[in-house]
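data.tsv (TSV, C-alpha atoms)
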chain	number	residue	atom	x	y	z
A	1	MET	CA	-1.19	-12.58	9.36
A	2	VAL	CA	-1.98	-9.91	6.82
A	3	MET	CA	-4.13	-8.29	9.43
A	4	ALA	CA	-1.43	-8.45	12.08
A	5	ALA	CA	1.07	-6.57	9.91
A	6	THR	CA	-1.53	-4.08	8.75
A	7	ALA	CA	-2.77	-3.49	12.28
A	8	ALA	CA	0.79	-2.99	13.51
A	9	ALA	CA	1.40	-0.55	10.66
A	10	GLU	CA	-1.78	1.39	11.31
A	11	SER	CA	-1.37	1.60	15.04
A	12	GLY	CA	2.22	2.76	14.68
A	13	ASP	CA	3.49	-0.24	16.62
A	14	ALA	CA	6.95	-1.48	15.83
A	15	LEU	CA	7.00	-3.36	12.58
A	16	ASP	CA	9.82	-5.73	11.92
A	17	VAL	CA	10.94	-7.58	8.83
A	18	ARG	CA	9.19	-10.71	10.04
A	19	ALA	CA	5.85	-8.97	10.44
A	20	VAL	CA	6.17	-7.45	6.97
A	21	TYR	CA	7.15	-10.83	5.57
A	22	ALA	CA	4.29	-12.60	7.33
A	23	GLY	CA	1.69	-10.15	6.10
A	24	GLN	CA	2.97	-9.18	2.67
A	25	ARG	CA	5.04	-12.04	1.26
A	26	HIS	CA	2.37	-13.08	-1.22
A	27	PHE	CA	1.96	-9.52	-2.45
A	28	VAL	CA	5.71	-9.11	-2.97
A	29	TRP	CA	5.99	-12.51	-4.66
A	30	LEU	CA	3.20	-11.70	-7.14
A	31	THR	CA	4.33	-8.12	-7.67
A	32	LEU	CA	7.85	-9.13	-8.70
A	33	GLN	CA	6.40	-11.51	-11.30
A	34	ARG	CA	4.07	-8.78	-12.52
A	35	MET	CA	7.11	-6.57	-13.00
A	36	GLY	CA	8.73	-9.23	-15.16
A	37	VAL	CA	11.09	-11.10	-12.82
A	38	ARG	CA	11.44	-14.66	-14.08
A	39	ARG	CA	11.11	-17.67	-11.82
A	40	SER	CA	14.85	-18.37	-11.88
A	41	ASP	CA	15.61	-14.96	-10.37
A	42	LEU	CA	12.52	-14.53	-8.26
A	43	GLU	CA	13.82	-15.74	-4.91
A	44	ASP	CA	16.98	-13.63	-5.17
A	45	VAL	CA	15.06	-10.47	-5.98
A	46	PHE	CA	12.53	-11.31	-3.26
A	47	GLN	CA	15.34	-11.45	-0.75
A	48	ASP	CA	16.72	-8.14	-2.07
A	49	VAL	CA	13.33	-6.55	-1.39
A	50	PHE	CA	13.39	-7.68	2.22
A	51	MET	CA	16.96	-6.50	2.65
A	52	VAL	CA	15.76	-3.05	1.63
A	53	VAL	CA	12.74	-3.39	3.94
A	54	HIS	CA	15.14	-4.18	6.76
A	55	ARG	CA	17.24	-1.09	6.02
A	56	ARG	CA	14.34	1.28	5.47
A	57	LEU	CA	11.76	0.26	8.06
A	58	GLY	CA	12.64	3.37	9.98
A	59	SER	CA	11.42	5.56	7.12
A	60	TYR	CA	8.07	3.80	6.80
A	61	ARG	CA	5.17	6.04	7.80
A	62	PRO	CA	2.17	4.24	9.24
A	63	ASP	CA	-0.23	6.53	7.36
A	64	ALA	CA	0.99	5.04	4.06
A	65	LYS	CA	-0.39	1.73	2.93
A	66	LEU	CA	2.14	-1.01	3.52
A	67	SER	CA	1.59	-2.63	0.11
A	68	ALA	CA	2.14	0.71	-1.65
A	69	TRP	CA	5.39	1.24	0.25
A	70	LEU	CA	6.52	-2.26	-0.71
A	71	TYR	CA	5.44	-1.69	-4.31
A	72	GLY	CA	7.91	1.21	-4.53
A	73	ILE	CA	10.68	-0.96	-3.07
A	74	CYS	CA	9.85	-3.75	-5.53
A	75	LEU	CA	10.09	-1.29	-8.42
A	76	ARG	CA	13.54	-0.13	-7.40
A	77	CYS	CA	14.80	-3.68	-6.81
A	78	VAL	CA	13.45	-4.83	-10.18
A	79	ALA	CA	15.04	-1.85	-11.95
A	80	ARG	CA	18.37	-2.74	-10.37
A	81	HIS	CA	17.88	-6.40	-11.26
A	82	ARG	CA	17.14	-5.46	-14.88
A	83	ARG	CA	20.29	-3.36	-15.11
A	84	ARG	CA	22.35	-6.23	-13.73
A	85	ALA	CA	20.70	-8.74	-16.11
A	86	PHE	CA	21.23	-6.35	-19.02
A	87	ARG	CA	24.93	-6.04	-18.24
A	88	ARG	CA	25.24	-9.82	-17.90
A	89	ARG	CA	23.59	-10.35	-21.29
A	90	GLU	CA	25.72	-7.70	-22.94
A	91	ARG	CA	28.79	-9.41	-21.64
A	92	ALA	CA	27.47	-12.82	-22.66
A	93	ASP	CA	26.36	-12.18	-26.20
A	94	GLY	CA	27.03	-8.57	-27.03
A	95	LEU	CA	23.37	-8.08	-27.94
A	96	GLY	CA	21.38	-6.47	-25.20
A	97	LEU	CA	18.03	-7.76	-26.34
A	98	GLU	CA	15.57	-9.00	-23.80
A	99	ALA	CA	15.23	-12.75	-23.86
A	100	PRO	CA	13.32	-14.99	-21.49
A	101	SER	CA	15.76	-16.14	-18.86
A	102	SER	CA	13.89	-19.32	-18.05
A	103	ALA	CA	11.99	-21.95	-19.95
A	104	PRO	CA	9.29	-20.81	-22.35
A	105	GLY	CA	6.22	-20.01	-20.37
A	106	GLY	CA	8.14	-17.79	-18.02
A	107	TRP	CA	6.29	-17.66	-14.79
A	108	HIS	CA	4.02	-20.59	-15.06
A	109	ALA	CA	4.25	-24.33	-15.06
A	110	PHE	CA	1.49	-25.57	-17.30
A	111	ALA	CA	-0.77	-28.50	-16.72
A	112	GLY	CA	-2.41	-30.30	-19.61
A	113	ALA	CA	-1.59	-32.48	-22.60
A	114	PRO	CA	2.03	-32.15	-23.81
A	115	ASP	CA	1.23	-30.57	-27.20
A	116	GLN	CA	-1.29	-28.22	-25.63
A	117	ARG	CA	1.33	-27.36	-23.04
A	118	LEU	CA	3.86	-26.55	-25.76
A	119	ASP	CA	1.39	-24.33	-27.55
A	120	GLN	CA	0.49	-22.58	-24.32
A	121	SER	CA	4.10	-22.09	-23.35
A	122	GLU	CA	4.94	-20.66	-26.78
A	123	GLN	CA	2.05	-18.26	-26.46
A	124	GLN	CA	3.15	-17.27	-22.99
A	125	ALA	CA	6.73	-16.78	-24.14
A	126	LYS	CA	5.50	-14.53	-26.93
A	127	LEU	CA	3.37	-12.52	-24.53
A	128	ASN	CA	6.30	-12.23	-22.13
A	129	ARG	CA	8.46	-10.81	-24.91
A	130	LEU	CA	5.80	-8.20	-25.60
A	131	LEU	CA	5.32	-7.37	-21.93
A	132	ASP	CA	9.08	-7.07	-21.51
A	133	THR	CA	9.05	-4.10	-23.90
A	134	LEU	CA	7.28	-2.19	-21.10
A	135	ASP	CA	9.03	-0.75	-18.10
A	136	PRO	CA	8.37	-2.62	-14.83
A	137	GLU	CA	5.74	-0.21	-13.59
A	138	HIS	CA	3.65	-0.30	-16.78
A	139	ARG	CA	4.14	-4.04	-16.98
A	140	ALA	CA	2.85	-4.61	-13.44
A	141	ILE	CA	-0.25	-2.54	-14.05
A	142	VAL	CA	-0.98	-4.32	-17.35
A	143	VAL	CA	-0.62	-7.75	-15.72
A	144	MET	CA	-2.89	-6.78	-12.82
A	145	TYR	CA	-5.54	-5.28	-15.06
A	146	GLU	CA	-5.42	-7.34	-18.23
A	147	ILE	CA	-4.43	-10.77	-16.89
A	148	GLU	CA	-5.48	-10.87	-13.26
A	149	GLU	CA	-8.51	-8.74	-14.03
A	150	LEU	CA	-8.24	-6.56	-10.94
A	151	SER	CA	-10.18	-3.32	-11.14
A	152	CYS	CA	-8.29	-0.05	-11.57
A	153	ALA	CA	-9.54	1.06	-8.14
A	154	ARG	CA	-8.07	-2.07	-6.53
A	155	ILE	CA	-4.76	-1.59	-8.40
A	156	SER	CA	-4.66	1.99	-7.21
A	157	GLU	CA	-5.31	0.87	-3.64
A	158	LEU	CA	-2.57	-1.79	-3.73
A	159	THR	CA	0.09	0.29	-5.44
A	160	GLY	CA	-0.66	3.75	-4.11
A	161	VAL	CA	-0.71	5.05	-7.71
A	162	ALA	CA	-3.55	7.53	-8.41
A	163	LEU	CA	-6.51	6.15	-10.35
A	164	GLY	CA	-6.06	8.61	-13.23
A	165	THR	CA	-2.41	7.62	-13.54
A	166	ILE	CA	-3.42	3.94	-13.69
A	167	HIS	CA	-5.75	4.74	-16.59
A	168	SER	CA	-3.14	6.73	-18.48
A	169	ARG	CA	-0.49	4.06	-17.94
A	170	LEU	CA	-2.83	1.38	-19.22
A	171	HIS	CA	-3.55	3.49	-22.29
A	172	HIS	CA	0.13	4.12	-22.96
A	173	ALA	CA	1.05	0.47	-22.35
A	174	ARG	CA	-1.67	-0.74	-24.67
A	175	ARG	CA	-0.39	1.45	-27.50
A	176	LYS	CA	3.12	0.22	-26.96
A	177	LEU	CA	2.01	-3.41	-26.85
A	178	ALA	CA	0.07	-3.04	-30.10
A	179	GLN	CA	3.16	-1.57	-31.79
A	180	ALA	CA	5.33	-4.37	-30.44
A	181	ALA	CA	2.78	-6.97	-31.61
A	182	ARG	CA	2.84	-5.47	-35.12
A	183	ARG	CA	6.64	-5.62	-35.15
A	184	LEU	CA	6.46	-9.20	-33.94
A	185	ALA	CA	4.01	-10.14	-36.72
A	186	ALA	CA	6.12	-8.36	-39.35
A	187	ALA	CA	9.17	-10.27	-38.17
A	188	GLY	CA	7.29	-13.52	-38.73
A	189	GLY	CA	6.57	-14.24	-35.10
A	190	ASP	CA	10.14	-13.99	-33.86
A	191	ALA	CA	10.68	-11.10	-31.55
B	1	MET	CA	-14.09	7.25	-14.30
B	2	THR	CA	-14.90	3.86	-15.81
B	3	ASP	CA	-12.26	1.24	-16.40
B	4	PRO	CA	-11.19	0.73	-20.03
B	5	THR	CA	-12.27	-2.33	-22.00
B	6	ARG	CA	-9.84	-5.13	-21.41
B	7	ILE	CA	-7.71	-6.33	-24.33
B	8	ARG	CA	-9.09	-9.85	-23.95
B	9	GLU	CA	-12.64	-8.65	-24.53
B	10	ALA	CA	-14.15	-8.96	-28.00
B	11	THR	CA	-15.12	-5.29	-28.03
B	12	SER	CA	-11.60	-3.99	-27.44
B	13	ASP	CA	-9.82	-2.32	-30.35
B	14	ALA	CA	-6.59	-4.29	-29.75
B	15	PRO	CA	-5.09	-6.36	-32.58
B	16	ASP	CA	-6.54	-9.88	-32.73
B	17	GLU	CA	-3.25	-11.56	-31.97
B	18	LEU	CA	-2.77	-9.49	-28.84
B	19	ARG	CA	-6.29	-10.34	-27.72
B	20	GLY	CA	-5.57	-14.04	-28.20
B	21	LEU	CA	-2.35	-13.83	-26.21
B	22	PHE	CA	-4.03	-12.10	-23.27
B	23	ARG	CA	-6.89	-14.59	-23.29
B	24	ALA	CA	-4.42	-17.46	-22.99
B	25	ALA	CA	-2.16	-15.70	-20.49
B	26	ALA	CA	-1.18	-17.41	-17.26
B	27	ARG	CA	-1.56	-15.54	-14.03
B	28	PRO	CA	1.46	-14.98	-11.80
B	29	GLU	CA	2.26	-18.12	-9.90
B	30	PRO	CA	1.35	-18.15	-6.19
B	31	LEU	CA	3.94	-19.03	-3.59
B	32	THR	CA	4.36	-22.76	-3.11
B	33	PRO	CA	5.04	-24.04	0.41
B	34	ALA	CA	8.48	-25.21	-0.73
B	35	ALA	CA	9.46	-21.77	-2.08
B	36	GLU	CA	7.92	-20.17	0.95
B	37	ALA	CA	9.96	-22.31	3.29
B	38	ARG	CA	13.16	-21.36	1.45
B	39	LEU	CA	12.24	-17.68	1.54
B	40	ALA	CA	11.37	-17.79	5.24
B	41	THR	CA	14.87	-19.03	5.96
B	42	ARG	CA	16.45	-16.40	3.73
B	43	VAL	CA	14.47	-13.61	5.35
B	44	ALA	CA	15.30	-14.95	8.81
B	45	THR	CA	19.00	-14.40	8.05
B	46	ILE	CA	18.52	-10.74	7.14
B	47	GLY	CA	20.13	-8.61	9.77
B	48	ALA	CA	22.11	-11.57	11.10
B	49	THR	CA	25.46	-9.90	10.54
B	50	PRO	CA	28.64	-11.83	11.28
B	51	SER	CA	28.99	-10.16	14.67
B	52	ARG	CA	25.46	-11.12	15.66
B	53	VAL	CA	26.01	-14.65	14.43
B	54	LEU	CA	29.16	-14.84	16.51
B	55	ALA	CA	27.32	-13.42	19.51
B	56	LYS	CA	24.75	-16.16	19.04
B	57	ALA	CA	27.39	-18.84	18.63
B	58	LEU	CA	29.61	-17.85	21.51
B	59	PRO	CA	27.56	-19.11	24.47
B	60	TRP	CA	27.13	-22.45	22.73
B	61	LEU	CA	30.82	-22.78	21.97
B	62	LEU	CA	31.69	-21.94	25.58
B	63	LEU	CA	29.12	-24.38	26.88
B	64	ALA	CA	30.37	-27.13	24.60
B	65	SER	CA	34.02	-26.68	25.54
B	66	ALA	CA	33.18	-26.44	29.24
B	67	ALA	CA	31.20	-29.65	29.03
B	68	VAL	CA	34.02	-31.43	27.22
B	69	ALA	CA	36.52	-30.19	29.79
B	70	ALA	CA	34.35	-31.50	32.59
B	71	GLY	CA	34.19	-34.85	30.86
B	72	VAL	CA	30.44	-34.82	30.43
B	73	ALA	CA	30.67	-36.64	27.14
B	74	THR	CA	27.02	-37.43	26.59
B	75	ARG	CA	25.88	-33.90	27.24
B	76	SER	CA	28.50	-32.42	24.93
B	77	ARG	CA	27.46	-34.75	22.11
B	78	ARG	CA	23.91	-33.48	22.33
B	79	VAL	CA	25.00	-29.88	22.32
B	80	ARG	CA	27.24	-30.42	19.32
B	81	THR	CA	24.67	-32.21	17.17
B	82	PRO	CA	24.12	-29.89	14.20
B	83	ALA	CA	20.40	-29.29	13.87
B	84	LEU	CA	20.03	-27.16	10.78
B	85	PRO	CA	22.01	-28.66	7.90
B	86	GLY	CA	21.61	-32.34	8.70
B	87	PRO	CA	18.74	-34.45	7.34
B	88	ALA	CA	18.06	-36.13	10.69
B	89	PRO	CA	15.09	-34.84	12.68
B	90	VAL	CA	15.84	-32.82	15.78
B	91	ALA	CA	15.78	-35.21	18.70
B	92	ALA	CA	14.93	-32.81	21.49
B	93	PRO	CA	12.99	-29.71	20.44
B	94	VAL	CA	13.35	-28.20	23.90
B	95	THR	CA	17.13	-27.96	23.42
B	96	PRO	CA	17.84	-24.97	21.20
B	97	PRO	CA	20.01	-26.18	18.34
B	98	PRO	CA	23.48	-24.66	18.00
B	99	PRO	CA	23.88	-22.00	15.33
B	100	ALA	CA	26.09	-24.08	13.08
B	101	ALA	CA	24.32	-23.27	9.83
B	102	PRO	CA	24.45	-19.46	9.95
B	103	VAL	CA	28.16	-19.58	10.70
B	104	THR	CA	29.09	-22.05	7.97
B	105	ALA	CA	26.62	-20.99	5.30
B	106	PRO	CA	25.65	-17.33	5.50
B	107	GLU	CA	23.42	-16.04	2.70
B	108	PRO	CA	25.61	-14.14	0.24
B	109	SER	CA	23.21	-11.22	0.15
B	110	ALA	CA	22.97	-11.14	3.92
B	111	VAL	CA	26.69	-10.54	4.02
B	112	ARG	CA	26.20	-7.59	1.68
B	113	ALA	CA	23.79	-6.04	4.19
B	114	PRO	CA	25.00	-3.08	6.16
B	115	ALA	CA	26.30	-4.24	9.51
B	116	ARG	CA	23.82	-2.42	11.65
B	117	ARG	CA	20.73	-3.45	13.49
B	118	PRO	CA	17.29	-2.78	12.09
B	119	PRO	CA	16.04	0.59	13.29
B	120	ILE	CA	12.77	-0.66	14.73
B	121	ALA	CA	12.96	-4.39	14.57
B	122	ARG	CA	12.75	-6.30	17.77
B	123	ALA	CA	15.02	-9.11	16.62
B	124	ALA	CA	13.54	-12.49	17.36
B	125	ALA	CA	15.41	-14.71	19.78
B	126	PRO	CA	17.95	-17.09	18.25
B	127	ALA	CA	15.81	-20.04	19.26
B	128	ALA	CA	12.92	-18.62	17.22
B	129	GLU	CA	15.14	-18.34	14.13
B	130	ASP	CA	16.31	-21.89	14.49
B	131	GLY	CA	12.75	-22.98	15.16
B	132	LEU	CA	11.69	-21.44	11.86
B	133	ALA	CA	14.36	-23.41	10.01
B	134	VAL	CA	13.21	-26.64	11.64
B	135	GLU	CA	9.60	-25.79	10.87
B	136	GLN	CA	10.35	-25.18	7.25
B	137	ARG	CA	12.36	-28.39	6.95
B	138	LEU	CA	9.47	-30.44	8.33
B	139	LEU	CA	6.99	-28.80	5.99
B	140	ASN	CA	9.31	-29.11	3.00
B	141	GLU	CA	9.44	-32.83	3.62
B	142	ALA	CA	5.66	-32.97	4.00
B	143	HIS	CA	5.21	-31.05	0.76
B	144	ARG	CA	7.56	-33.34	-1.11
B	145	ALA	CA	5.59	-36.37	0.14
B	146	LEU	CA	2.23	-34.99	-1.02
B	147	ALA	CA	2.13	-36.38	-4.56
B	148	ALA	CA	3.41	-39.89	-3.87
B	149	ASN	CA	2.31	-40.47	-0.29
B	150	PRO	CA	-0.34	-38.10	1.07
B	151	ARG	CA	-0.70	-40.19	4.21
B	152	ARG	CA	2.93	-39.53	5.09
B	153	ALA	CA	2.52	-35.86	4.18
B	154	LEU	CA	-0.40	-35.66	6.60
B	155	ALA	CA	1.57	-37.42	9.34
B	156	LEU	CA	4.48	-34.99	8.91
B	157	ALA	CA	2.14	-31.99	8.94
B	158	GLU	CA	0.47	-33.27	12.10
B	159	ASP	CA	3.87	-33.80	13.65
B	160	HIS	CA	4.58	-30.15	12.85
B	161	ALA	CA	1.26	-29.21	14.50
B	162	ARG	CA	2.19	-31.05	17.68
B	163	ARG	CA	5.63	-29.46	17.85
B	164	TYR	CA	4.65	-25.99	16.70
B	165	PRO	CA	0.98	-25.46	17.56
B	166	HIS	CA	1.50	-21.70	17.11
B	167	GLY	CA	4.34	-21.94	14.58
B	168	GLN	CA	5.12	-19.27	12.04
B	169	LEU	CA	4.21	-21.58	9.19
B	170	ALA	CA	0.93	-22.80	10.69
B	171	ALA	CA	-1.19	-21.68	7.74
B	172	GLU	CA	1.14	-23.39	5.27
B	173	ARG	CA	0.91	-26.56	7.34
B	174	THR	CA	-2.89	-26.46	7.23
B	175	LEU	CA	-2.76	-26.14	3.43
B	176	ILE	CA	-0.63	-29.28	3.23
B	177	GLU	CA	-3.02	-31.12	5.57
B	178	ILE	CA	-5.98	-30.12	3.43
B	179	GLU	CA	-4.25	-31.14	0.22
B	180	ALA	CA	-3.31	-34.51	1.72
B	181	LEU	CA	-6.85	-35.11	3.02
B	182	VAL	CA	-8.31	-34.35	-0.42
B	183	ALA	CA	-5.83	-36.75	-2.04
B	184	MET	CA	-6.85	-39.43	0.49
B	185	GLY	CA	-10.55	-38.89	-0.18
B	186	HIS	CA	-11.36	-37.37	3.25
B	187	ARG	CA	-13.18	-34.46	1.74
B	188	ARG	CA	-15.37	-33.58	4.71
B	189	ASP	CA	-12.40	-33.25	7.05
B	190	ALA	CA	-10.54	-31.24	4.39
B	191	GLU	CA	-13.44	-28.84	4.02
B	192	ALA	CA	-13.78	-28.37	7.78
B	193	ARG	CA	-10.10	-27.47	8.05
B	194	ALA	CA	-10.37	-25.18	5.04
B	195	GLN	CA	-13.23	-23.37	6.71
B	196	ARG	CA	-11.18	-22.88	9.87
B	197	LEU	CA	-8.24	-21.54	7.84
B	198	ARG	CA	-10.50	-19.10	6.02
B	199	ARG	CA	-11.74	-17.86	9.40
B	200	THR	CA	-8.27	-17.41	10.87
B	201	ALA	CA	-6.72	-15.82	7.74
B	202	PRO	CA	-9.69	-14.22	5.98
B	203	ASN	CA	-7.77	-11.77	3.81
B	204	SER	CA	-4.93	-14.00	2.77
B	205	ILE	CA	-4.17	-15.35	-0.65
B	206	TYR	CA	-4.83	-18.83	0.68
B	207	GLY	CA	-8.46	-18.47	-0.39
B	208	GLU	CA	-7.59	-19.01	-4.03
B	209	ARG	CA	-5.33	-21.96	-3.31
B	210	LEU	CA	-7.97	-23.52	-1.08
B	211	ASP	CA	-10.55	-23.20	-3.86
B	212	GLU	CA	-8.14	-24.82	-6.27
B	213	ILE	CA	-7.35	-27.72	-3.92
B	214	LEU	CA	-10.99	-28.33	-3.04
B	215	ARG	CA	-11.98	-28.43	-6.71
B	216	ARG	CA	-9.86	-31.55	-7.14
B	217	ARG	CA	-11.62	-34.88	-6.95

Rendering of file as structure tokens:
Amino acid sequence: MVMAATAAAESGDALDVRAVYAGQRHFVWLTLQRMGVRRSDLEDVFQDVFMVVHRRLGSYRPDAKLSAWLYGICLRCVARHRRRAFRRRERADGLGLEAPSSAPGGWHAFAGAPDQRLDQSEQQAKLNRLLDTLDPEHRAIVVMYEIEELSCARISELTGVALGTIHSRLHHARRKLAQAARRLAAAGGDA
Amino acid sequence: MTDPTRIREATSDAPDELRGLFRAAARPEPLTPAAEARLATRVATIGATPSRVLAKALPWLLLASAAVAAGVATRSRRVRTPALPGPAPVAAPVTPPPPAAPVTAPEPSAVRAPARRPPIARAAAPAAEDGLAVEQRLLNEAHRALAANPRRALALAEDHARRYPHGQLAAERTLIEIEALVAMGHRRDAEARAQRLRRTAPNSIYGERLDEILRRR
């Protein structure tokens, strides 16, 4: 299915939302999580992405990689989602601080013994708070490189971002994460 | 240009706590068949603006009222049977179900969509959209049965295979079959089907899920 959509894209044949969905749904699903969308919002934002795909298919150029085109759409949808979530939180509690919108552990349901699961989910929640200090683009690249262990070349291929830019974003993100971790430690573990 | 040392690695200059967090980090969660089935339905409604939905509904409404007027009661009952929202299985797959669900329950975001047709998209026929909804309902049920009753999950997946041999969710169906076979102890059959799936969808993300399923005892 991936190949069908890619082949259609490369040959310049008509691509429709269904073909994009069939070939790229897993990429979009993972990318939105990499950018920080929590499970509770994931399906809504996923649908938003395909609404934009539907509107903008006419502007897609077959010489561009389909995943890179979708990556840009994901970024814009996540930015919009963040603004909406920010406004909702401001209205709700007048604070404006990022807080995990779902259960601790964010994007993952853990398997294992209950106390181990709790420890893991606390760790994951803490990591999510740190990652959420990054903007969606830096966050996605950090998750792909540091957690999924994709190579920079592969990340560049998937996202359409130049290899040198990937390196500099990783460097910048790492500095920011270290600062955030120090603040977290100074605050006694509560971010 | 070499890639930088990862934070999780002992030789990285990251703070220890950060290293620990990245070592324990969970990867993004892959799509489950249940989520996938929900998403397939949502995506199928994109572009189905109210006018298109009405255009789809109109022939069925006319047919139903004509049949009632002619007194063909049995035929009209079949035409009126809602196929999408109800829990009952569709009795006659050859009869395209009426478009009751899109009219009564449009996706909120779909309504927000601009009311124009996709620039390139060759919109699928209404029957194909409805078929997708039926496919996903069957597979949802199969997926729900997996943990408690893999035999039933397998039967439902095979029923899907008979009805939709070239369905849009064929790969998802095969994953459910493989998972059920592993749970039932039919490892050899599971592995043979996994091999076929890898051949037909070599670049898909299913590879990782297959590995994970086949690692189970």

- Residues of chain A within 7 Å of chain B, only C-alpha atoms counted, as an MDAnalysis selection string: chainID A and resid 1:2 14:17 26 29:30 33:34 43 47 50:51 54:55 57:58 107:108 123:124 127 146:148 152 178 181

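Between B:Ile213 and the candidates B:Arg187, B:Arg196, B:His143, B:Arg151, the tightest atom-to-atom separation, counting all atoms listed in the file, involves B:Arg187.
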
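In this model, the gap between atom CA of A:Ile73 and atom CA of A:Arg56 comes to 9.6 Å.
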
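Of note, atom CA of A:Glu149 and atom CA of B:Glu179 are spaced 26.9 Å apart.
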
- Enter the distance from atom CA of A:Arg139 to atom CA of A:Met35, in Å, rounded to one decimal. 5.6 Å

- Message: Give me the residues near stretch 154-159 of chain B as an MDAnalysis selection string, where near means some atom within 7 Å (using all atoms listed in the file) and where sequence neighbours in that chain fewer than 4 positions away do not count.
- Response: chainID B and resid 138:139 142 150 163 173 176:177 180
